[in-house]
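Before any comments, here is the structure.
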Amino acid sequence: MKFMGSKARYAKEILPIILKDRVPNQWYVEPFVGGGNIIDKAIGPRIGGDVNQYIIAMFKAVQSGWIPPDSISELEYNDIKTRPKQYSQYLVGFVAIGCSYSGKWWGGYARGNTSDGRPRNYCLESKNNLLAQCNGLIDIDFRHSSYDQLFIPSNSIIYCDPPYRGTTGYKIKFNHDTFWSWCDDKISEGHKIFVSEYIAPPHWKCVWSKEVFNSLTKNTGSKRGIEKLFTR
């Protein structure tokens, strides 16, 4: 499922770098699993964590056979946003992302036209994208947890796609300095860590980069940046 900042378009480029030295039965862990667009392609034992309980509920529901709706009206969208406790957590998670502009959490009801002028059904597109991921999601251990409380087996490969420094639009305020200290601690514990960001502390090295255009909002258009993958 494609979120704001989704790495789906880079998976074929960065995943071989992340998994290059992976050994049999080594755990692959994502503490910021988001739309699951990297972890769904990393076969083997995997843990996907996220602080957003609605997203984790959505993935667990799909694992159990839940089929998302074909359509959500703007009226339904606004009601789910206003009264989330009246709906299942997995539906809230799906609608908040799948029916929102650019996959931004409650970023405004998505609307628009196809190249031939027909109205787009963003809900159906998101449903199809999510169901297309199913085979890659089925055996992932999804956990609702903050990154620093997530259970991580020893000697894991950890891939982090945290909120980027200097960006906005995330539900929870994020302390970047604390995050990078946590990464250093995990390396000291014997894990291998890769981090997607624009910038990193000086002792981290960039092992991949690419110029990209990221959508912001329906009013602000797109922003150019250099996506980078860091490790130590």
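Within each chain, counting starts at residue 1; across the structure tokens, chains are named A, B, ... in the order shown, with ligands numbered 1 upward in that order.
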When DSSP works through the backbone of this structure, what residues of stretch 47-124 of chain A end up as strand (DSSP E or B), shown as a VMD selection string?
-> chain A and resid 47 to 50 100 109 113 119
Expected file contents, prior selection, all heavy atoms, as a PDB file, in the first residue's frame:
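Result saved to part.pdb:
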```pdb
ATOM      1  N   ILE A  47       9.876  -9.042  10.920  1.00  0.00           N
ATOM      2  CA  ILE A  47       9.035  -8.324  11.884  1.00  0.00           C
ATOM      3  C   ILE A  47       8.780  -6.928  11.329  1.00  0.00           C
ATOM      4  O   ILE A  47       9.715  -6.221  10.937  1.00  0.00           O
ATOM      5  CB  ILE A  47       9.701  -8.220  13.266  1.00  0.00           C
ATOM      6  CG1 ILE A  47       9.851  -9.610  13.898  1.00  0.00           C
ATOM      7  CG2 ILE A  47       8.903  -7.300  14.193  1.00  0.00           C
ATOM      8  CD1 ILE A  47      10.634  -9.610  15.197  1.00  0.00           C
ATOM      9  N   GLY A  48       7.521  -6.535  11.303  1.00  0.00           N
ATOM     10  CA  GLY A  48       7.148  -5.194  10.867  1.00  0.00           C
ATOM     11  C   GLY A  48       6.462  -4.452  11.994  1.00  0.00           C
ATOM     12  O   GLY A  48       5.371  -4.837  12.413  1.00  0.00           O
ATOM     13  N   GLY A  49       7.088  -3.434  12.504  1.00  0.00           N
ATOM     14  CA  GLY A  49       6.522  -2.659  13.598  1.00  0.00           C
ATOM     15  C   GLY A  49       6.122  -1.272  13.147  1.00  0.00           C
ATOM     16  O   GLY A  49       6.687  -0.717  12.204  1.00  0.00           O
ATOM     17  N   ASP A  50       5.141  -0.701  13.841  1.00  0.00           N
ATOM     18  CA  ASP A  50       4.764   0.678  13.565  1.00  0.00           C
ATOM     19  C   ASP A  50       4.012   1.225  14.771  1.00  0.00           C
ATOM     20  O   ASP A  50       3.244   0.501  15.418  1.00  0.00           O
ATOM     21  CB  ASP A  50       3.878   0.785  12.323  1.00  0.00           C
ATOM     22  CG  ASP A  50       3.970   2.156  11.675  1.00  0.00           C
ATOM     23  OD1 ASP A  50       3.383   3.107  12.218  1.00  0.00           O
ATOM     24  OD2 ASP A  50       4.646   2.292  10.638  1.00  0.00           O
ATOM     25  N   SER A 100      -6.791   8.955   0.908  1.00  0.00           N
ATOM     26  CA  SER A 100      -6.285  10.309   1.120  1.00  0.00           C
ATOM     27  C   SER A 100      -5.306  10.717   0.029  1.00  0.00           C
ATOM     28  O   SER A 100      -4.618   9.871  -0.562  1.00  0.00           O
ATOM     29  CB  SER A 100      -5.580  10.413   2.485  1.00  0.00           C
ATOM     30  OG  SER A 100      -6.499  10.270   3.545  1.00  0.00           O
ATOM     31  N   TYR A 109      -9.586  14.050   1.193  1.00  0.00           N
ATOM     32  CA  TYR A 109     -10.206  13.035   0.333  1.00  0.00           C
ATOM     33  C   TYR A 109      -9.624  13.106  -1.075  1.00  0.00           C
ATOM     34  O   TYR A 109      -9.643  14.152  -1.721  1.00  0.00           O
ATOM     35  CB  TYR A 109     -11.711  13.250   0.297  1.00  0.00           C
ATOM     36  CG  TYR A 109     -12.473  12.205  -0.477  1.00  0.00           C
ATOM     37  CD1 TYR A 109     -12.608  10.911   0.013  1.00  0.00           C
ATOM     38  CD2 TYR A 109     -13.083  12.530  -1.691  1.00  0.00           C
ATOM     39  CE1 TYR A 109     -13.326   9.949  -0.690  1.00  0.00           C
ATOM     40  CE2 TYR A 109     -13.806  11.580  -2.397  1.00  0.00           C
ATOM     41  CZ  TYR A 109     -13.921  10.294  -1.889  1.00  0.00           C
ATOM     42  OH  TYR A 109     -14.633   9.342  -2.598  1.00  0.00           O
ATOM     43  N   ASN A 113      -8.835  12.710 -11.996  1.00  0.00           N
ATOM     44  CA  ASN A 113      -9.240  12.018 -13.212  1.00  0.00           C
ATOM     45  C   ASN A 113      -8.091  11.217 -13.798  1.00  0.00           C
ATOM     46  O   ASN A 113      -6.914  11.505 -13.560  1.00  0.00           O
ATOM     47  CB  ASN A 113      -9.729  13.021 -14.259  1.00  0.00           C
ATOM     48  CG  ASN A 113     -10.983  13.751 -13.823  1.00  0.00           C
ATOM     49  OD1 ASN A 113     -11.865  13.165 -13.167  1.00  0.00           O
ATOM     50  ND2 ASN A 113     -11.072  15.031 -14.164  1.00  0.00           N
ATOM     51  N   PRO A 119     -13.189   9.837 -13.876  1.00  0.00           N
ATOM     52  CA  PRO A 119     -12.894   9.986 -12.443  1.00  0.00           C
ATOM     53  C   PRO A 119     -12.116   8.777 -11.923  1.00  0.00           C
ATOM     54  O   PRO A 119     -12.443   7.634 -12.252  1.00  0.00           O
ATOM     55  CB  PRO A 119     -14.281  10.070 -11.794  1.00  0.00           C
ATOM     56  CG  PRO A 119     -15.191  10.515 -12.893  1.00  0.00           C
ATOM     57  CD  PRO A 119     -14.650   9.892 -14.142  1.00  0.00           C
TER      58      PRO A 119
END
```
Spatial neighbours of A:Ile18, max dist 8 Å, only C-alpha atoms, sep filter under 2 positions, as a PyMOL selection string = chain A and resi 14-16+20-21+157+159+194
If you keep C-alpha atoms, can you produce a file of those selected residues as a PDB file, in the first residue's frame?
```pdb
ATOM      1  CA  ILE A  14      17.796  -0.577  -2.127  1.00  0.00           C
ATOM      2  CA  LEU A  15      16.673  -4.040  -0.999  1.00  0.00           C
ATOM      3  CA  PRO A  16      19.601  -5.893  -2.650  1.00  0.00           C
ATOM      4  CA  LYS A  20      23.460  -8.427   0.474  1.00  0.00           C
ATOM      5  CA  ASP A  21      25.068 -10.101   3.490  1.00  0.00           C
ATOM      6  CA  ILE A 157      19.097  -6.686   9.799  1.00  0.00           C
ATOM      7  CA  TYR A 159      15.803  -1.160   7.926  1.00  0.00           C
ATOM      8  CA  PHE A 194      20.190   0.771   7.189  1.00  0.00           C
TER       9      PHE A 194
END
```
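For the set A:Val92, A:Val212, A:Ala42, A:Ile152, the residue with the smallest atom-to-atom gap to A:Ile56 is A:Val92, counting only C-alpha atoms.
For A:Leu131, the residues within 8 Å (counting only C-alpha atoms, excluding itself and residues fewer than 4 positions away along the chain) are Val62, Ile67 and Lys127 of chain A.
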The selected residues should be written to file as a short mmCIF file (atom, residue, chain, number, x, y, z; two decimals), in the first residue's frame (atoms: N, CA and C atoms).
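Output saved as out23.cif:
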```cif
data_model
loop_
_atom_site.label_atom_id
_atom_site.label_comp_id
_atom_site.auth_asym_id
_atom_site.auth_seq_id
_atom_site.Cartn_x
_atom_site.Cartn_y
_atom_site.Cartn_z
N VAL A 62 -5.81 -8.03 6.80
CA VAL A 62 -5.56 -8.57 5.47
C VAL A 62 -4.96 -9.97 5.58
N ILE A 67 -11.12 -8.17 3.10
CA ILE A 67 -11.07 -7.54 1.78
C ILE A 67 -11.51 -6.09 1.93
N LYS A 127 -7.14 -0.60 -2.69
CA LYS A 127 -7.53 -1.98 -2.41
C LYS A 127 -6.73 -2.95 -3.26
#
```
Every residue of stretch 49-220 of chain A that DSSP places in helix (DSSP H, G or I), as a count of residues only = 67
Quick one: distance from atom CA of A:Val51 to atom CA of A:Lys104 in Å, one decimal?
-> 15.6 Å
Polymer residues at most 12 Å from A:Thr82, only C-alpha atoms, same-chain spacing of 6 or more positions, as a ChimeraX atom specification | /A:75-76,92,96,106
Keeping only N, CA and C atoms, write the selected residues to a file as a compact mmCIF listing (two decimals), in the first residue's frame.
```txt
# COMPACT_ATOMS: atom_id res chain seq x y z
N LEU A 75 -18.35 11.65 2.07
CA LEU A 75 -19.12 11.70 3.31
C LEU A 75 -18.68 10.61 4.27
N GLU A 76 -18.49 9.40 3.76
CA GLU A 76 -18.01 8.29 4.61
C GLU A 76 -16.60 8.57 5.12
N VAL A 92 -10.29 2.05 9.50
CA VAL A 92 -9.76 3.40 9.71
C VAL A 92 -8.38 3.52 9.08
N ALA A 96 -7.76 6.11 6.02
CA ALA A 96 -6.91 7.26 6.34
C ALA A 96 -5.75 7.41 5.38
N TRP A 106 -4.85 11.07 6.66
CA TRP A 106 -5.97 12.02 6.63
C TRP A 106 -5.56 13.31 5.91
```
Hey, what's within 9 Å of A:Gly136 if we count only C-alpha atoms and toss same-chain stuff fewer than 5 positions away? As a count of residues only, please?
-> 5
Students should find that atom CA of A:Tyr28 and atom CA of A:Ser126 are spaced 25.5 Å
Residues near A:Trp204, cut-off 6 Å, only C-alpha atoms, skip fewer than 3 positions along chain, as a count of residues only = 3
I'd like the neighbourhood of A:Asp184 as a PDB file with all heavy atoms, in the first residue's frame, where a residue qualifies if any of its atoms comes within 12 Å (using only C-alpha atoms), though same-chain residues fewer than 3 positions away should be ignored.
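Produced file result-v6.pdb, reproduced below:
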```pdb
ATOM      1  N   ILE A 158      18.179  -4.494  10.272  1.00  0.00           N
ATOM      2  CA  ILE A 158      17.123  -3.528  10.570  1.00  0.00           C
ATOM      3  C   ILE A 158      17.125  -2.451   9.493  1.00  0.00           C
ATOM      4  O   ILE A 158      18.151  -1.830   9.219  1.00  0.00           O
ATOM      5  CB  ILE A 158      17.347  -2.875  11.949  1.00  0.00           C
ATOM      6  CG1 ILE A 158      17.472  -3.941  13.051  1.00  0.00           C
ATOM      7  CG2 ILE A 158      16.222  -1.899  12.270  1.00  0.00           C
ATOM      8  CD1 ILE A 158      17.895  -3.376  14.397  1.00  0.00           C
ATOM      9  N   ASP A 177      17.487  13.193  16.943  1.00  0.00           N
ATOM     10  CA  ASP A 177      18.737  12.912  17.656  1.00  0.00           C
ATOM     11  C   ASP A 177      18.615  11.648  18.491  1.00  0.00           C
ATOM     12  O   ASP A 177      19.540  10.810  18.528  1.00  0.00           O
ATOM     13  CB  ASP A 177      19.116  14.100  18.546  1.00  0.00           C
ATOM     14  CG  ASP A 177      19.461  15.343  17.736  1.00  0.00           C
ATOM     15  OD1 ASP A 177      19.917  15.190  16.583  1.00  0.00           O
ATOM     16  OD2 ASP A 177      19.269  16.455  18.259  1.00  0.00           O
ATOM     17  N   THR A 178      17.481  11.487  19.158  1.00  0.00           N
ATOM     18  CA  THR A 178      17.244  10.271  19.939  1.00  0.00           C
ATOM     19  C   THR A 178      17.223   9.044  19.039  1.00  0.00           C
ATOM     20  O   THR A 178      17.764   7.978  19.395  1.00  0.00           O
ATOM     21  CB  THR A 178      15.913  10.384  20.709  1.00  0.00           C
ATOM     22  OG1 THR A 178      15.984  11.489  21.607  1.00  0.00           O
ATOM     23  CG2 THR A 178      15.626   9.110  21.498  1.00  0.00           C
ATOM     24  N   PHE A 179      16.618   9.189  17.870  1.00  0.00           N
ATOM     25  CA  PHE A 179      16.564   8.069  16.931  1.00  0.00           C
ATOM     26  C   PHE A 179      17.963   7.626  16.514  1.00  0.00           C
ATOM     27  O   PHE A 179      18.286   6.430  16.529  1.00  0.00           O
ATOM     28  CB  PHE A 179      15.746   8.449  15.698  1.00  0.00           C
ATOM     29  CG  PHE A 179      15.939   7.524  14.535  1.00  0.00           C
ATOM     30  CD1 PHE A 179      15.402   6.246  14.567  1.00  0.00           C
ATOM     31  CD2 PHE A 179      16.670   7.920  13.422  1.00  0.00           C
ATOM     32  CE1 PHE A 179      15.591   5.368  13.494  1.00  0.00           C
ATOM     33  CE2 PHE A 179      16.872   7.056  12.359  1.00  0.00           C
ATOM     34  CZ  PHE A 179      16.324   5.782  12.393  1.00  0.00           C
ATOM     35  N   TRP A 180      18.817   8.573  16.132  1.00  0.00           N
ATOM     36  CA  TRP A 180      20.153   8.191  15.673  1.00  0.00           C
ATOM     37  C   TRP A 180      20.984   7.590  16.809  1.00  0.00           C
ATOM     38  O   TRP A 180      21.799   6.679  16.576  1.00  0.00           O
ATOM     39  CB  TRP A 180      20.870   9.388  15.051  1.00  0.00           C
ATOM     40  CG  TRP A 180      20.347   9.738  13.695  1.00  0.00           C
ATOM     41  CD1 TRP A 180      19.565  10.808  13.353  1.00  0.00           C
ATOM     42  CD2 TRP A 180      20.538   9.002  12.481  1.00  0.00           C
ATOM     43  NE1 TRP A 180      19.266  10.784  12.014  1.00  0.00           N
ATOM     44  CE2 TRP A 180      19.848   9.691  11.450  1.00  0.00           C
ATOM     45  CE3 TRP A 180      21.236   7.826  12.164  1.00  0.00           C
ATOM     46  CZ2 TRP A 180      19.843   9.239  10.124  1.00  0.00           C
ATOM     47  CZ3 TRP A 180      21.212   7.380  10.840  1.00  0.00           C
ATOM     48  CH2 TRP A 180      20.538   8.072   9.846  1.00  0.00           C
ATOM     49  N   SER A 181      20.770   8.040  18.019  1.00  0.00           N
ATOM     50  CA  SER A 181      21.449   7.424  19.171  1.00  0.00           C
ATOM     51  C   SER A 181      20.987   5.979  19.349  1.00  0.00           C
ATOM     52  O   SER A 181      21.787   5.084  19.656  1.00  0.00           O
ATOM     53  CB  SER A 181      21.156   8.226  20.443  1.00  0.00           C
ATOM     54  OG  SER A 181      21.737   9.510  20.380  1.00  0.00           O
ATOM     55  N   ILE A 187      23.591  -0.998  16.720  1.00  0.00           N
ATOM     56  CA  ILE A 187      24.804  -1.487  16.070  1.00  0.00           C
ATOM     57  C   ILE A 187      25.767  -2.052  17.113  1.00  0.00           C
ATOM     58  O   ILE A 187      26.381  -3.109  16.915  1.00  0.00           O
ATOM     59  CB  ILE A 187      25.457  -0.360  15.255  1.00  0.00           C
ATOM     60  CG1 ILE A 187      24.591  -0.046  14.035  1.00  0.00           C
ATOM     61  CG2 ILE A 187      26.870  -0.747  14.818  1.00  0.00           C
ATOM     62  CD1 ILE A 187      25.032   1.145  13.245  1.00  0.00           C
ATOM     63  N   SER A 188      25.865  -1.380  18.248  1.00  0.00           N
ATOM     64  CA  SER A 188      26.720  -1.875  19.338  1.00  0.00           C
ATOM     65  C   SER A 188      26.243  -3.226  19.860  1.00  0.00           C
ATOM     66  O   SER A 188      27.034  -4.027  20.359  1.00  0.00           O
ATOM     67  CB  SER A 188      26.753  -0.860  20.491  1.00  0.00           C
ATOM     68  OG  SER A 188      27.301   0.368  20.074  1.00  0.00           O
ATOM     69  N   GLU A 189      24.943  -3.482  19.733  1.00  0.00           N
ATOM     70  CA  GLU A 189      24.371  -4.757  20.185  1.00  0.00           C
ATOM     71  C   GLU A 189      24.557  -5.876  19.159  1.00  0.00           C
ATOM     72  O   GLU A 189      24.190  -7.031  19.421  1.00  0.00           O
ATOM     73  CB  GLU A 189      22.879  -4.583  20.474  1.00  0.00           C
ATOM     74  CG  GLU A 189      22.595  -3.673  21.669  1.00  0.00           C
ATOM     75  CD  GLU A 189      21.114  -3.352  21.810  1.00  0.00           C
ATOM     76  OE1 GLU A 189      20.297  -3.983  21.092  1.00  0.00           O
ATOM     77  OE2 GLU A 189      20.766  -2.469  22.613  1.00  0.00           O
ATOM     78  N   GLY A 190      25.102  -5.546  17.987  1.00  0.00           N
ATOM     79  CA  GLY A 190      25.377  -6.574  16.999  1.00  0.00           C
ATOM     80  C   GLY A 190      24.452  -6.610  15.800  1.00  0.00           C
ATOM     81  O   GLY A 190      24.568  -7.495  14.944  1.00  0.00           O
ATOM     82  N   HIS A 191      23.536  -5.643  15.708  1.00  0.00           N
ATOM     83  CA  HIS A 191      22.633  -5.594  14.561  1.00  0.00           C
ATOM     84  C   HIS A 191      23.278  -4.813  13.411  1.00  0.00           C
ATOM     85  O   HIS A 191      24.193  -4.015  13.613  1.00  0.00           O
ATOM     86  CB  HIS A 191      21.323  -4.902  14.937  1.00  0.00           C
ATOM     87  CG  HIS A 191      20.615  -5.542  16.090  1.00  0.00           C
ATOM     88  ND1 HIS A 191      20.016  -6.777  16.009  1.00  0.00           N
ATOM     89  CD2 HIS A 191      20.401  -5.107  17.366  1.00  0.00           C
ATOM     90  CE1 HIS A 191      19.463  -7.083  17.177  1.00  0.00           C
ATOM     91  NE2 HIS A 191      19.687  -6.085  18.013  1.00  0.00           N
ATOM     92  N   LYS A 192      22.771  -5.031  12.208  1.00  0.00           N
ATOM     93  CA  LYS A 192      23.158  -4.247  11.044  1.00  0.00           C
ATOM     94  C   LYS A 192      21.985  -3.340  10.704  1.00  0.00           C
ATOM     95  O   LYS A 192      20.852  -3.819  10.558  1.00  0.00           O
ATOM     96  CB  LYS A 192      23.464  -5.161   9.851  1.00  0.00           C
ATOM     97  CG  LYS A 192      23.938  -4.429   8.605  1.00  0.00           C
ATOM     98  CD  LYS A 192      25.321  -3.823   8.808  1.00  0.00           C
ATOM     99  CE  LYS A 192      25.840  -3.214   7.500  1.00  0.00           C
ATOM    100  NZ  LYS A 192      27.159  -2.585   7.672  1.00  0.00           N
ATOM    101  N   ILE A 193      22.229  -2.030  10.574  1.00  0.00           N
ATOM    102  CA  ILE A 193      21.138  -1.083  10.353  1.00  0.00           C
ATOM    103  C   ILE A 193      21.350  -0.285   9.071  1.00  0.00           C
ATOM    104  O   ILE A 193      22.464   0.173   8.773  1.00  0.00           O
ATOM    105  CB  ILE A 193      20.984  -0.107  11.541  1.00  0.00           C
ATOM    106  CG1 ILE A 193      20.619  -0.853  12.819  1.00  0.00           C
ATOM    107  CG2 ILE A 193      19.909   0.927  11.236  1.00  0.00           C
ATOM    108  CD1 ILE A 193      20.158   0.036  13.953  1.00  0.00           C
ATOM    109  N   PHE A 194      20.245  -0.105   8.352  1.00  0.00           N
ATOM    110  CA  PHE A 194      20.190   0.771   7.189  1.00  0.00           C
ATOM    111  C   PHE A 194      19.071   1.778   7.432  1.00  0.00           C
ATOM    112  O   PHE A 194      18.008   1.418   7.938  1.00  0.00           O
ATOM    113  CB  PHE A 194      19.916  -0.024   5.918  1.00  0.00           C
ATOM    114  CG  PHE A 194      21.014  -0.968   5.537  1.00  0.00           C
ATOM    115  CD1 PHE A 194      21.073  -2.238   6.101  1.00  0.00           C
ATOM    116  CD2 PHE A 194      21.987  -0.590   4.631  1.00  0.00           C
ATOM    117  CE1 PHE A 194      22.087  -3.117   5.764  1.00  0.00           C
ATOM    118  CE2 PHE A 194      23.015  -1.472   4.280  1.00  0.00           C
ATOM    119  CZ  PHE A 194      23.060  -2.733   4.855  1.00  0.00           C
ATOM    120  N   VAL A 195      19.315   3.035   7.045  1.00  0.00           N
ATOM    121  CA  VAL A 195      18.345   4.097   7.292  1.00  0.00           C
ATOM    122  C   VAL A 195      18.133   4.916   6.028  1.00  0.00           C
ATOM    123  O   VAL A 195      19.096   5.369   5.407  1.00  0.00           O
ATOM    124  CB  VAL A 195      18.808   5.039   8.424  1.00  0.00           C
ATOM    125  CG1 VAL A 195      17.776   6.138   8.672  1.00  0.00           C
ATOM    126  CG2 VAL A 195      19.078   4.261   9.709  1.00  0.00           C
ATOM    127  N   ALA A 200      22.262  12.432   7.522  1.00  0.00           N
ATOM    128  CA  ALA A 200      22.592  11.531   8.629  1.00  0.00           C
ATOM    129  C   ALA A 200      23.792  12.093   9.377  1.00  0.00           C
ATOM    130  O   ALA A 200      24.510  12.961   8.872  1.00  0.00           O
ATOM    131  CB  ALA A 200      22.898  10.130   8.098  1.00  0.00           C
ATOM    132  N   PRO A 201      24.045  11.621  10.602  1.00  0.00           N
ATOM    133  CA  PRO A 201      25.248  12.048  11.320  1.00  0.00           C
ATOM    134  C   PRO A 201      26.511  11.741  10.523  1.00  0.00           C
ATOM    135  O   PRO A 201      26.517  10.809   9.695  1.00  0.00           O
ATOM    136  CB  PRO A 201      25.183  11.224  12.609  1.00  0.00           C
ATOM    137  CG  PRO A 201      23.722  10.939  12.801  1.00  0.00           C
ATOM    138  CD  PRO A 201      23.184  10.741  11.412  1.00  0.00           C
ATOM    139  N   HIS A 203      29.246  10.182  11.000  1.00  0.00           N
ATOM    140  CA  HIS A 203      29.888   8.866  11.054  1.00  0.00           C
ATOM    141  C   HIS A 203      29.085   7.785  10.318  1.00  0.00           C
ATOM    142  O   HIS A 203      29.497   6.613  10.293  1.00  0.00           O
ATOM    143  CB  HIS A 203      30.145   8.441  12.499  1.00  0.00           C
ATOM    144  CG  HIS A 203      28.912   8.366  13.367  1.00  0.00           C
ATOM    145  ND1 HIS A 203      28.218   9.480  13.762  1.00  0.00           N
ATOM    146  CD2 HIS A 203      28.267   7.304  13.912  1.00  0.00           C
ATOM    147  CE1 HIS A 203      27.191   9.115  14.512  1.00  0.00           C
ATOM    148  NE2 HIS A 203      27.194   7.799  14.616  1.00  0.00           N
ATOM    149  N   TRP A 204      27.976   8.157   9.703  1.00  0.00           N
ATOM    150  CA  TRP A 204      27.212   7.241   8.874  1.00  0.00           C
ATOM    151  C   TRP A 204      27.572   7.483   7.409  1.00  0.00           C
ATOM    152  O   TRP A 204      27.810   8.612   6.999  1.00  0.00           O
ATOM    153  CB  TRP A 204      25.713   7.454   9.071  1.00  0.00           C
ATOM    154  CG  TRP A 204      25.220   6.920  10.385  1.00  0.00           C
ATOM    155  CD1 TRP A 204      25.451   7.454  11.621  1.00  0.00           C
ATOM    156  CD2 TRP A 204      24.445   5.743  10.596  1.00  0.00           C
ATOM    157  NE1 TRP A 204      24.873   6.683  12.595  1.00  0.00           N
ATOM    158  CE2 TRP A 204      24.233   5.623  11.997  1.00  0.00           C
ATOM    159  CE3 TRP A 204      23.896   4.781   9.746  1.00  0.00           C
ATOM    160  CZ2 TRP A 204      23.506   4.577  12.541  1.00  0.00           C
ATOM    161  CZ3 TRP A 204      23.162   3.742  10.291  1.00  0.00           C
ATOM    162  CH2 TRP A 204      22.980   3.644  11.681  1.00  0.00           C
ATOM    163  N   THR A 231      24.277   3.621   6.203  1.00  0.00           N
ATOM    164  CA  THR A 231      24.611   2.524   7.101  1.00  0.00           C
ATOM    165  C   THR A 231      25.947   2.842   7.771  1.00  0.00           C
ATOM    166  O   THR A 231      26.558   3.871   7.518  1.00  0.00           O
ATOM    167  CB  THR A 231      24.675   1.174   6.345  1.00  0.00           C
ATOM    168  OG1 THR A 231      24.742   0.100   7.281  1.00  0.00           O
ATOM    169  CG2 THR A 231      25.892   1.122   5.428  1.00  0.00           C
ATOM    170  N   ARG A 232      26.356   1.931   8.660  1.00  0.00           N
ATOM    171  CA  ARG A 232      27.660   2.077   9.308  1.00  0.00           C
ATOM    172  C   ARG A 232      28.427   0.781   9.190  1.00  0.00           C
ATOM    173  O   ARG A 232      27.852  -0.291   9.105  1.00  0.00           O
ATOM    174  CB  ARG A 232      27.466   2.372  10.803  1.00  0.00           C
ATOM    175  CG  ARG A 232      27.335   3.848  11.126  1.00  0.00           C
ATOM    176  CD  ARG A 232      27.298   4.068  12.629  1.00  0.00           C
ATOM    177  NE  ARG A 232      28.390   3.357  13.300  1.00  0.00           N
ATOM    178  CZ  ARG A 232      28.434   3.092  14.605  1.00  0.00           C
ATOM    179  NH1 ARG A 232      27.432   3.466  15.380  1.00  0.00           N
ATOM    180  NH2 ARG A 232      29.433   2.462  15.143  1.00  0.00           N
TER     181      ARG A 232
END
```
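Of the residues listed (A:Ala110, A:Ala61, A:Ile17, A:Cys160), A:Ala61 shows the shortest atom-to-atom separation from A:Leu137; distances use only C-alpha atoms.
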